[in-house]
Amino acid sequence: MAETLEIRDLHASVEDKEILKGVTLTIRQGEIHALMGPNGSGKSTLAYALTGHPKYTITQGEVIYKNKNILELPADERSKMGLFLAFQYPVSVPGVSVANFLRTAINARRKSEGNGNGKPISIPEFRKLLRDKMKALNVDEAFAGRYLNDGFSGGEKKRVEILQMAILEPQMAILDETDSGLDIDALRSVSDGVNKLAGPNMGILLITHYQRLLDYIKPQYVHVLLSGRIVESAGPELALELEQKGYDFIRVKHGETPTGKD
Amino acid sequence: MATETDRAAVQGLGEYKYGFSQAEDYVFKSRKGLSREVVQEISWMKGEPEWMLKFRLKAYDHFVKRPMPTWGGDLSKLDFDDIYYYIKPSDKPTTSWDDVPDDIKRTFDRLGVPEAERKFLAGSGAQYESEVVYHNIQESLSKQGVIFLSSDDGLKQHPDIFKKYFATVVPPTDNKFAALNSAVWSGGSFLYVPEGVHVELPLQAYFRVNAQSMGQFERTLIICEKGSYVHYIEGCTAPIYSSDSFHSGVIEIVVKEGARMRYTTIQNWSTNMYNLVTQRSVVYRDGMMEWVDANLGSKLTMKYPSVYMMEPGARGEILSIAFAGKGQHQDAGGKVVHVAPHTRSKITSKSISKDGGRASYRGLLKVYKGAEGSQSHVQCDALLLDEKSRTDTYPYIEVDEDKVTIGHEATVSKIGDEQLFYLMSRGLGEVDARTMVVSGFIEPFVKELPMEYAVEMNRLIQLQMEGSVG
């Protein structure tokens, strides 16, 4: 059965300022959607609101996933339901190795399966899993022992986000500007990783400012977010149109002032 | 009533003719409170030489005269008259297992402490001695010429070595509690490592007989001859439950030329305990002293492991962590004293305060004039887990020499919202996420512990974070 993430009229604020002003979007398992928009349109806010960041207040709307309104659940519950966010700025946790962190995350999931009696993953099994995934994603084995995101380059952080995705096997993944700060090689390698994970079992929301990423990860649908609302939805050709004309053509079309900048 | 001379005569007679056992027949009533008479009786009971009795009495006189410290923790409720200063082992009241508090019992469960060990730690079982382990270890040590005994036995069996070094590192006049310990000390370890000997196995008090390492007034003396190496571990992560409310130990360590010594303490006394300890080492040319100190329990701990670098090339490192939970005050840190030139030291202190606990770093960095070319770095990091808790930093820096490199850094932090959200977004519950950040915070410390201790330490932190301990 294909799981669907249904975002219905979502309004969200941060520090009393309303950023999302009624976002409606449906993503089915197996589909890749791209969400584009100028800076300040609310792209990251949407990512955070969907995954449960405490700083964002939901003022209206619902998000239905697996028959639940996930807005009522804390971040960890949403994760266990199969939601994943690849952060634009992954947070460092000094003193905690990547391996240790991943094993703890796996065990957190296992614990809640089997009615709270799920058994933790054995060390040999985990080691093999980690080694295999790191190999498949071209992540150097040395990263297993390094402290999570501590001193990692931008590209390394993004690669480790994708590694986490590979280990946790989400069904609905949100990738927040995964391409930002990456050079062509890193972009290619990260995209390869995502493409290997994408498939009929995963729904992906690709949040990006530039069209470039979409040359590597090809979406079926492209949406444009402007001032907290989705104003355009079409196929991949929309991204190409944006690249040629810039966001101003969208602004003008929807009655906003062009900035002349993007 | 027998005079002091009569007593000494009887004591000498007993020792010569019957050995220690004679003293056992004397009807000694264990009672509370301290006096010159109690000090004399302690020495007599142990069958000690004259010089030790004199030493104890002089220390007692100083203890009485010396005022209480006015800095550090709150010692106002400490009642010196309400304490047993010496109890014959046979008289020692054993706590009934039923009397041991539930939370202590639960912790044993969670930490997986074996049955026999639990009873020992709770003071309700017979002495826990792993006979086989003990014998094998003693054999391999004596092959190397290493002496590892209780301090009482060390004094008896190796009087020359003992007398040569005893109280040379911590004189009784050092502070009021050193004076007290000097007067009534009993138990502790005596460890002597001959020149060039490397002891591969970390030594613990469990490995010797008469393991009265949990004694209130233990006195430990460690001598590392030239080029030797040994690692000594004291304590354990399981909570030590004791009806005694006061623990005042003295640890003296001598590290000679090119020798290396590491002393690891993991203290997790129950939260009724006052834990006041004087730990000091003197290090000679090219020698190295490492203190690895974890303070997890007790109501109040005041403890500042010290390294005195006496000759060029001497090095000292102090790695300290303190966890202060509800009702706890950890006042800990270290002292590094650069007496000679070209000496190096490092202090790393990490503290965590939770549920209204108070963790204070107190440290001394002292460089004497002439100690040129010396380097020292102090880093103290504090983690505050909630708004009720408290952390303080009291760094004392006294540098009387220009040609040195000194650094001091202090940070205070809390668990960041972004960190918490990042971890929770991977499926960790809030408590697990906080625990992970705390584990990461103490990782530089845990890395230095032997494996079993590291595992237990992490589990203990987990319990503290869940709030099921203390």
# chains A, B, ... in the order shown; residues from 1 in each chain; ligands from 1
>>> residues_around(residues="range 236-239 of chain A", least_positions_apart="3", cutoff="7 Å", atoms="only C-alpha atoms", output="PDB file with C-alpha atoms, in the first residue's frame")
ATOM      1  CA  GLN A 211      17.811  23.971 -10.521  1.00  0.00           C
ATOM      2  CA  PRO A 219      11.809  14.844  -9.836  1.00  0.00           C
ATOM      3  CA  GLN A 220       8.409  13.968 -11.222  1.00  0.00           C
ATOM      4  CA  TYR A 221       6.871  17.133  -9.806  1.00  0.00           C
ATOM      5  CA  VAL A 222       8.211  20.612  -9.208  1.00  0.00           C
ATOM      6  CA  LEU A 242      12.850  29.004 -13.530  1.00  0.00           C
ATOM      7  CA  GLU A 243      16.486  28.608 -14.380  1.00  0.00           C
TER       8      GLU A 243
END
>>> closest_atom_pairs(of="chain B", to="chain A", cutoff="6 Å", atoms="only C-alpha atoms", output="Markdown table")
| residue | atom | partner | partner_atom | distance |
| --- | --- | --- | --- | --- |
| B:Gln419 | CA | A:Val91 | CA | 6.0 |
| B:Met424 | CA | A:Asp76 | CA | 4.7 |
| B:Ser425 | CA | A:Ala75 | CA | 5.2 |
| B:Arg426 | CA | A:Ser79 | CA | 5.8 |
| B:Gly427 | CA | A:Asp76 | CA | 4.1 |
| B:Leu428 | CA | A:Asp76 | CA | 5.6 |
| B:Gly429 | CA | A:Asp76 | CA | 5.7 |
| B:Gly440 | CA | A:Gly95 | CA | 3.7 |
| B:Phe441 | CA | A:Gly95 | CA | 5.9 |
| B:Glu443 | CA | A:Gly95 | CA | 5.2 |
>>> closest_residue(among="A:Phe143, A:Tyr216, A:Tyr210, A:Phe126", to="Tyr247 in chain A", atoms="only C-alpha atoms")
A:Tyr210
>>> residues_around(residues="Asp248 in chain A", least_positions_apart="3", cutoff="9 Å", atoms="only C-alpha atoms", output="mmCIF file with C-alpha atoms, in the first residue's frame")
data_model
loop_
_atom_site.group_PDB
_atom_site.id
_atom_site.type_symbol
_atom_site.label_atom_id
_atom_site.label_comp_id
_atom_site.auth_asym_id
_atom_site.auth_seq_id
_atom_site.Cartn_x
_atom_site.Cartn_y
_atom_site.Cartn_z
ATOM 1 C CA LEU A 242 12.850 29.004 -13.530
ATOM 2 C CA LYS A 245 13.704 33.332 -16.201
ATOM 3 C CA ARG A 251 6.639 36.958 -8.532
ATOM 4 C CA VAL A 252 5.174 39.054 -11.279
ATOM 5 C CA LYS A 253 2.743 36.331 -12.228
ATOM 6 C CA GLU A 256 4.475 40.551 -6.257
ATOM 7 C CA THR A 257 7.222 43.026 -6.915
ATOM 8 C CA PRO A 258 10.200 41.658 -8.825
ATOM 9 C CA THR A 259 13.502 42.045 -6.997
ATOM 10 C CA GLY A 260 15.787 41.846 -9.982
ATOM 11 C CA LYS A 261 18.151 39.676 -7.964
ATOM 12 C CA ASP A 262 17.240 35.980 -8.401
#
>>> select_by_dssp(residues="range 27-252 of chain A", states="helix (DSSP H, G or I)", output="compact mmCIF listing (two decimals) with C-alpha atoms, in the first residue's frame")
# COMPACT_ATOMS: atom_id res chain seq x y z
CA LYS A 43 11.29 26.28 2.40
CA SER A 44 13.28 25.35 5.52
CA THR A 45 10.35 26.34 7.71
CA LEU A 46 8.28 23.75 5.92
CA ALA A 47 10.97 21.12 6.49
CA TYR A 48 11.16 21.95 10.20
CA ALA A 49 7.41 22.16 10.66
CA LEU A 50 6.96 18.73 9.10
CA THR A 51 9.59 17.13 11.33
CA ILE A 70 1.70 13.98 12.79
CA LEU A 71 1.64 17.60 13.97
CA GLU A 72 0.45 16.21 17.28
CA ALA A 75 10.00 14.73 16.57
CA ASP A 76 11.15 11.28 17.64
CA GLU A 77 7.73 9.72 17.08
CA ARG A 78 7.57 11.16 13.58
CA SER A 79 11.00 9.74 12.86
CA LYS A 80 9.95 6.30 14.02
CA MET A 81 6.94 6.48 11.73
CA VAL A 98 29.04 8.40 13.99
CA ALA A 99 28.91 4.63 14.63
CA ASN A 100 27.71 5.04 18.20
CA PHE A 101 25.08 7.51 17.11
CA LEU A 102 23.74 5.33 14.30
CA ARG A 103 23.59 2.24 16.47
CA THR A 104 21.67 4.19 19.14
CA ALA A 105 19.22 5.44 16.52
CA ILE A 106 18.64 1.92 15.23
CA ASN A 107 18.09 0.61 18.74
CA ALA A 108 15.68 3.44 19.54
CA ARG A 109 13.55 2.28 16.65
CA ARG A 110 13.83 -1.39 17.57
CA LYS A 111 12.85 -0.69 21.14
CA SER A 112 9.51 0.74 20.08
CA GLY A 114 7.55 -5.34 19.17
CA ASN A 115 5.49 -3.40 21.72
CA GLY A 116 8.50 -1.99 23.50
CA ILE A 123 27.48 -5.44 17.31
CA PRO A 124 28.66 -7.73 14.50
CA GLU A 125 25.40 -7.21 12.62
CA PHE A 126 25.68 -3.46 13.03
CA ARG A 127 29.30 -3.37 11.94
CA LYS A 128 28.47 -5.23 8.77
CA LEU A 129 25.48 -2.99 8.05
CA LEU A 130 27.53 0.15 8.55
CA ARG A 131 30.41 -1.09 6.47
CA ASP A 132 28.13 -2.10 3.61
CA LYS A 133 26.25 1.19 3.54
CA MET A 134 29.41 3.25 3.80
CA LYS A 135 30.89 1.32 0.91
CA ALA A 136 27.76 1.74 -1.21
CA GLU A 141 35.29 4.04 6.82
CA ALA A 142 37.26 6.38 9.01
CA PHE A 143 34.13 8.44 9.51
CA ALA A 144 32.60 5.73 11.67
CA GLY A 145 34.92 6.65 14.52
CA GLY A 154 30.24 20.78 4.14
CA GLY A 155 30.39 17.92 1.67
CA GLU A 156 31.26 15.42 4.39
CA LYS A 157 28.31 16.53 6.50
CA LYS A 158 25.89 16.11 3.60
CA ARG A 159 27.32 12.69 2.78
CA VAL A 160 26.84 11.60 6.40
CA GLU A 161 23.22 12.83 6.27
CA ILE A 162 22.66 10.50 3.32
CA LEU A 163 24.45 7.70 5.17
CA GLN A 164 21.99 8.17 8.03
CA MET A 165 19.19 7.96 5.52
CA ALA A 166 20.61 4.72 4.19
CA ILE A 167 20.84 3.21 7.67
CA LEU A 168 17.46 4.37 8.95
CA ILE A 184 30.27 19.66 -8.51
CA ASP A 185 32.02 16.50 -7.35
CA ALA A 186 30.41 16.48 -3.93
CA LEU A 187 27.06 17.25 -5.53
CA ARG A 188 27.43 14.34 -7.89
CA SER A 189 28.43 11.96 -5.13
CA VAL A 190 25.60 13.02 -2.80
CA SER A 191 23.09 12.75 -5.63
CA ASP A 192 24.32 9.28 -6.48
CA GLY A 193 23.68 8.31 -2.91
CA VAL A 194 20.14 9.64 -2.95
CA ASN A 195 19.37 8.00 -6.25
CA LYS A 196 20.53 4.65 -4.90
CA LEU A 197 18.09 5.00 -2.00
CA LEU A 213 20.52 19.56 -8.22
CA LEU A 214 17.59 18.50 -10.36
CA ASP A 215 19.96 17.57 -13.20
CA TYR A 216 21.18 14.79 -10.92
CA GLU A 237 10.05 21.54 -17.14
CA LEU A 238 9.05 24.17 -14.56
CA ALA A 239 12.52 23.96 -13.05
CA LEU A 240 14.11 24.66 -16.39
CA GLU A 241 11.81 27.61 -16.93
CA LEU A 242 12.85 29.00 -13.53
CA GLU A 243 16.49 28.61 -14.38
CA GLN A 244 16.02 30.64 -17.53
CA LYS A 245 13.70 33.33 -16.20
CA ASP A 248 10.94 37.23 -10.76
CA PHE A 249 8.72 35.77 -13.43
CA ILE A 250 6.87 33.86 -10.70
CA ARG A 251 6.64 36.96 -8.53
CA VAL A 252 5.17 39.05 -11.28
>>> residues_around(residues="Val193 in chain B", least_positions_apart="6", cutoff="12 Å", atoms="only C-alpha atoms", output="ChimeraX atom specification")
/B:141-149,161,199-200,203,221-232,253-256,259-261
>>> write_last_selection(atoms="N, CA and C atoms", output="mmCIF file, in the first residue's frame")
data_model
loop_
_atom_site.group_PDB
_atom_site.id
_atom_site.type_symbol
_atom_site.label_atom_id
_atom_site.label_comp_id
_atom_site.auth_asym_id
_atom_site.auth_seq_id
_atom_site.Cartn_x
_atom_site.Cartn_y
_atom_site.Cartn_z
ATOM 1 N N LEU B 141 53.084 -10.316 40.835
ATOM 2 C CA LEU B 141 53.662 -9.074 41.348
ATOM 3 C C LEU B 141 54.943 -9.332 42.117
ATOM 4 N N SER B 142 54.915 -10.347 42.965
ATOM 5 C CA SER B 142 56.120 -10.567 43.778
ATOM 6 C C SER B 142 57.285 -11.019 42.914
ATOM 7 N N LYS B 143 56.969 -11.658 41.780
ATOM 8 C CA LYS B 143 58.054 -12.025 40.842
ATOM 9 C C LYS B 143 58.779 -10.779 40.361
ATOM 10 N N GLN B 144 58.019 -9.690 40.205
ATOM 11 C CA GLN B 144 58.624 -8.450 39.714
ATOM 12 C C GLN B 144 59.210 -7.604 40.855
ATOM 13 N N GLY B 145 58.995 -8.067 42.067
ATOM 14 C CA GLY B 145 59.511 -7.306 43.204
ATOM 15 C C GLY B 145 58.583 -6.185 43.641
ATOM 16 N N VAL B 146 57.355 -6.216 43.112
ATOM 17 C CA VAL B 146 56.377 -5.182 43.467
ATOM 18 C C VAL B 146 55.772 -5.513 44.831
ATOM 19 N N ILE B 147 55.676 -4.513 45.676
ATOM 20 C CA ILE B 147 55.042 -4.714 46.983
ATOM 21 C C ILE B 147 53.667 -4.062 46.942
ATOM 22 N N PHE B 148 52.646 -4.840 47.239
ATOM 23 C CA PHE B 148 51.291 -4.306 47.197
ATOM 24 C C PHE B 148 50.524 -4.884 48.385
ATOM 25 N N LEU B 149 50.405 -4.068 49.422
ATOM 26 C CA LEU B 149 49.789 -4.525 50.660
ATOM 27 C C LEU B 149 48.856 -3.456 51.203
ATOM 28 N N ILE B 161 61.154 1.346 54.214
ATOM 29 C CA ILE B 161 60.615 2.075 53.051
ATOM 30 C C ILE B 161 59.468 2.970 53.508
ATOM 31 N N VAL B 199 54.326 -2.432 35.534
ATOM 32 C CA VAL B 199 53.227 -3.301 35.936
ATOM 33 C C VAL B 199 52.123 -3.163 34.892
ATOM 34 N N GLU B 200 51.931 -4.204 34.110
ATOM 35 C CA GLU B 200 50.986 -4.113 32.987
ATOM 36 C C GLU B 200 49.534 -4.060 33.436
ATOM 37 N N LEU B 203 46.224 -2.091 38.877
ATOM 38 C CA LEU B 203 46.023 -2.666 40.203
ATOM 39 C C LEU B 203 44.821 -2.041 40.896
ATOM 40 N N LEU B 221 49.955 5.077 50.179
ATOM 41 C CA LEU B 221 51.313 5.536 49.891
ATOM 42 C C LEU B 221 51.840 4.753 48.699
ATOM 43 N N ILE B 222 52.217 5.460 47.654
ATOM 44 C CA ILE B 222 52.691 4.803 46.436
ATOM 45 C C ILE B 222 54.055 5.352 46.061
ATOM 46 N N ILE B 223 54.993 4.443 45.882
ATOM 47 C CA ILE B 223 56.349 4.875 45.516
ATOM 48 C C ILE B 223 56.744 4.215 44.199
ATOM 49 N N CYS B 224 57.063 5.036 43.215
ATOM 50 C CA CYS B 224 57.489 4.526 41.913
ATOM 51 C C CYS B 224 58.956 4.854 41.717
ATOM 52 N N GLU B 225 59.770 3.823 41.731
ATOM 53 C CA GLU B 225 61.207 4.064 41.560
ATOM 54 C C GLU B 225 61.505 4.431 40.106
ATOM 55 N N LYS B 226 62.727 4.811 39.885
ATOM 56 C CA LYS B 226 63.181 5.276 38.580
ATOM 57 C C LYS B 226 62.692 4.406 37.433
ATOM 58 N N GLY B 227 62.107 5.041 36.409
ATOM 59 C CA GLY B 227 61.757 4.302 35.203
ATOM 60 C C GLY B 227 60.621 3.305 35.336
ATOM 61 N N SER B 228 59.898 3.326 36.441
ATOM 62 C CA SER B 228 58.836 2.329 36.611
ATOM 63 C C SER B 228 57.505 2.850 36.083
ATOM 64 N N TYR B 229 56.538 1.941 35.990
ATOM 65 C CA TYR B 229 55.202 2.332 35.551
ATOM 66 C C TYR B 229 54.138 1.501 36.280
ATOM 67 N N VAL B 230 53.129 2.169 36.755
ATOM 68 C CA VAL B 230 52.008 1.430 37.330
ATOM 69 C C VAL B 230 50.730 2.264 37.229
ATOM 70 N N HIS B 231 49.610 1.568 37.086
ATOM 71 C CA HIS B 231 48.300 2.215 37.053
ATOM 72 C C HIS B 231 47.486 1.643 38.209
ATOM 73 N N TYR B 232 47.012 2.502 39.086
ATOM 74 C CA TYR B 232 46.226 2.057 40.235
ATOM 75 C C TYR B 232 44.805 2.603 40.108
ATOM 76 N N ILE B 253 51.914 10.163 46.709
ATOM 77 C CA ILE B 253 52.578 9.442 45.622
ATOM 78 C C ILE B 253 53.921 10.083 45.297
ATOM 79 N N VAL B 254 54.932 9.229 45.170
ATOM 80 C CA VAL B 254 56.267 9.709 44.808
ATOM 81 C C VAL B 254 56.629 9.118 43.451
ATOM 82 N N VAL B 255 56.884 9.985 42.490
ATOM 83 C CA VAL B 255 57.232 9.518 41.146
ATOM 84 C C VAL B 255 58.668 9.938 40.852
ATOM 85 N N LYS B 256 59.550 8.954 40.813
ATOM 86 C CA LYS B 256 60.963 9.308 40.636
ATOM 87 C C LYS B 256 61.351 9.434 39.160
ATOM 88 N N ALA B 259 59.852 7.880 35.838
ATOM 89 C CA ALA B 259 58.773 6.935 36.154
ATOM 90 C C ALA B 259 57.436 7.527 35.728
ATOM 91 N N ARG B 260 56.438 6.638 35.593
ATOM 92 C CA ARG B 260 55.115 7.122 35.232
ATOM 93 C C ARG B 260 54.067 6.445 36.104
ATOM 94 N N MET B 261 53.149 7.253 36.612
ATOM 95 C CA MET B 261 52.127 6.712 37.506
ATOM 96 C C MET B 261 50.776 7.277 37.106
#
>>> closest_residue(among="B:Met288, B:Ala294, B:Val39, B:Ile397", to="Asn181 in chain B", atoms="only C-alpha atoms")
B:Val39
>>> select_by_dssp(residues="range 267-444 of chain B", states="strand (DSSP E)", output="PyMOL selection string")
chain B and resi 267+274-283+288-295+300-303+306-309+315-324+329-338+344-353+358-367+375-384+390-399+405-413
>>> atom_distance(atom1="CA of Val412 in chain B", atom2="CA of Met457 in chain B")
22.4 Å
>>> atom_distance(atom1="CA of His254 in chain A", atom2="CA of Leu35 in chain A")
17.1 Å
>>> residues_around(residues="Leu420 in chain B", least_positions_apart="4", cutoff="8 Å", atoms="only C-alpha atoms", output="number ranges by chain")
B: 415-416, 424, 430, 433-434
>>> residues_around(residues="Leu226 in chain A", least_positions_apart="3", cutoff="10 Å", atoms="only C-alpha atoms", output="PyMOL selection string")
chain A and resi 20-21+36-43+223+229-232+247+250-251+254+256
>>> write_last_selection(atoms="N, CA and C atoms", output="mmCIF file, in the first residue's frame")
data_model
loop_
_atom_site.group_PDB
_atom_site.id
_atom_site.type_symbol
_atom_site.label_atom_id
_atom_site.label_comp_id
_atom_site.auth_asym_id
_atom_site.auth_seq_id
_atom_site.Cartn_x
_atom_site.Cartn_y
_atom_site.Cartn_z
ATOM 1 N N LEU A 20 4.626 30.275 6.972
ATOM 2 C CA LEU A 20 3.837 29.444 6.064
ATOM 3 C C LEU A 20 2.391 29.910 6.150
ATOM 4 N N LYS A 21 1.836 30.219 4.981
ATOM 5 C CA LYS A 21 0.508 30.820 4.993
ATOM 6 C C LYS A 21 -0.529 29.968 4.294
ATOM 7 N N MET A 36 10.918 24.431 -4.836
ATOM 8 C CA MET A 36 11.869 25.519 -5.059
ATOM 9 C C MET A 36 11.262 26.815 -4.574
ATOM 10 N N GLY A 37 12.108 27.839 -4.475
ATOM 11 C CA GLY A 37 11.578 29.137 -4.061
ATOM 12 C C GLY A 37 12.706 30.051 -3.670
ATOM 13 N N PRO A 38 12.457 31.352 -3.711
ATOM 14 C CA PRO A 38 13.502 32.296 -3.333
ATOM 15 C C PRO A 38 13.778 32.229 -1.836
ATOM 16 N N ASN A 39 14.883 32.852 -1.411
ATOM 17 C CA ASN A 39 15.207 32.884 0.019
ATOM 18 C C ASN A 39 14.098 33.597 0.778
ATOM 19 N N GLY A 40 13.757 33.056 1.919
ATOM 20 C CA GLY A 40 12.726 33.678 2.739
ATOM 21 C C GLY A 40 11.319 33.217 2.389
ATOM 22 N N SER A 41 11.196 32.336 1.403
ATOM 23 C CA SER A 41 9.854 31.899 1.013
ATOM 24 C C SER A 41 9.261 30.921 2.026
ATOM 25 N N GLY A 42 10.121 30.302 2.825
ATOM 26 C CA GLY A 42 9.610 29.384 3.849
ATOM 27 C C GLY A 42 9.975 27.935 3.614
ATOM 28 N N LYS A 43 10.947 27.669 2.750
ATOM 29 C CA LYS A 43 11.295 26.284 2.404
ATOM 30 C C LYS A 43 11.777 25.501 3.632
ATOM 31 N N HIS A 223 7.411 22.131 -7.514
ATOM 32 C CA HIS A 223 6.530 23.155 -6.956
ATOM 33 C C HIS A 223 7.344 24.384 -6.626
ATOM 34 N N ARG A 229 3.411 30.219 0.416
ATOM 35 C CA ARG A 229 2.361 29.410 -0.234
ATOM 36 C C ARG A 229 2.934 28.747 -1.479
ATOM 37 N N ILE A 230 2.381 27.601 -1.839
ATOM 38 C CA ILE A 230 2.791 26.993 -3.110
ATOM 39 C C ILE A 230 1.974 27.649 -4.209
ATOM 40 N N VAL A 231 2.673 28.304 -5.120
ATOM 41 C CA VAL A 231 1.978 29.065 -6.152
ATOM 42 C C VAL A 231 2.018 28.409 -7.530
ATOM 43 N N GLU A 232 2.940 27.505 -7.718
ATOM 44 C CA GLU A 232 3.046 26.801 -9.006
ATOM 45 C C GLU A 232 3.335 25.333 -8.757
ATOM 46 N N TYR A 247 13.308 33.792 -10.443
ATOM 47 C CA TYR A 247 12.079 33.778 -9.644
ATOM 48 C C TYR A 247 11.194 34.981 -9.903
ATOM 49 N N ILE A 250 7.899 34.421 -11.593
ATOM 50 C CA ILE A 250 6.870 33.864 -10.699
ATOM 51 C C ILE A 250 6.259 34.998 -9.866
ATOM 52 N N ARG A 251 7.113 35.862 -9.384
ATOM 53 C CA ARG A 251 6.639 36.958 -8.532
ATOM 54 C C ARG A 251 5.633 37.809 -9.292
ATOM 55 N N HIS A 254 2.323 36.343 -9.816
ATOM 56 C CA HIS A 254 1.442 36.253 -8.653
ATOM 57 C C HIS A 254 1.306 37.577 -7.912
ATOM 58 N N GLU A 256 3.473 40.017 -7.189
ATOM 59 C CA GLU A 256 4.475 40.551 -6.257
ATOM 60 C C GLU A 256 5.491 41.376 -7.023
#
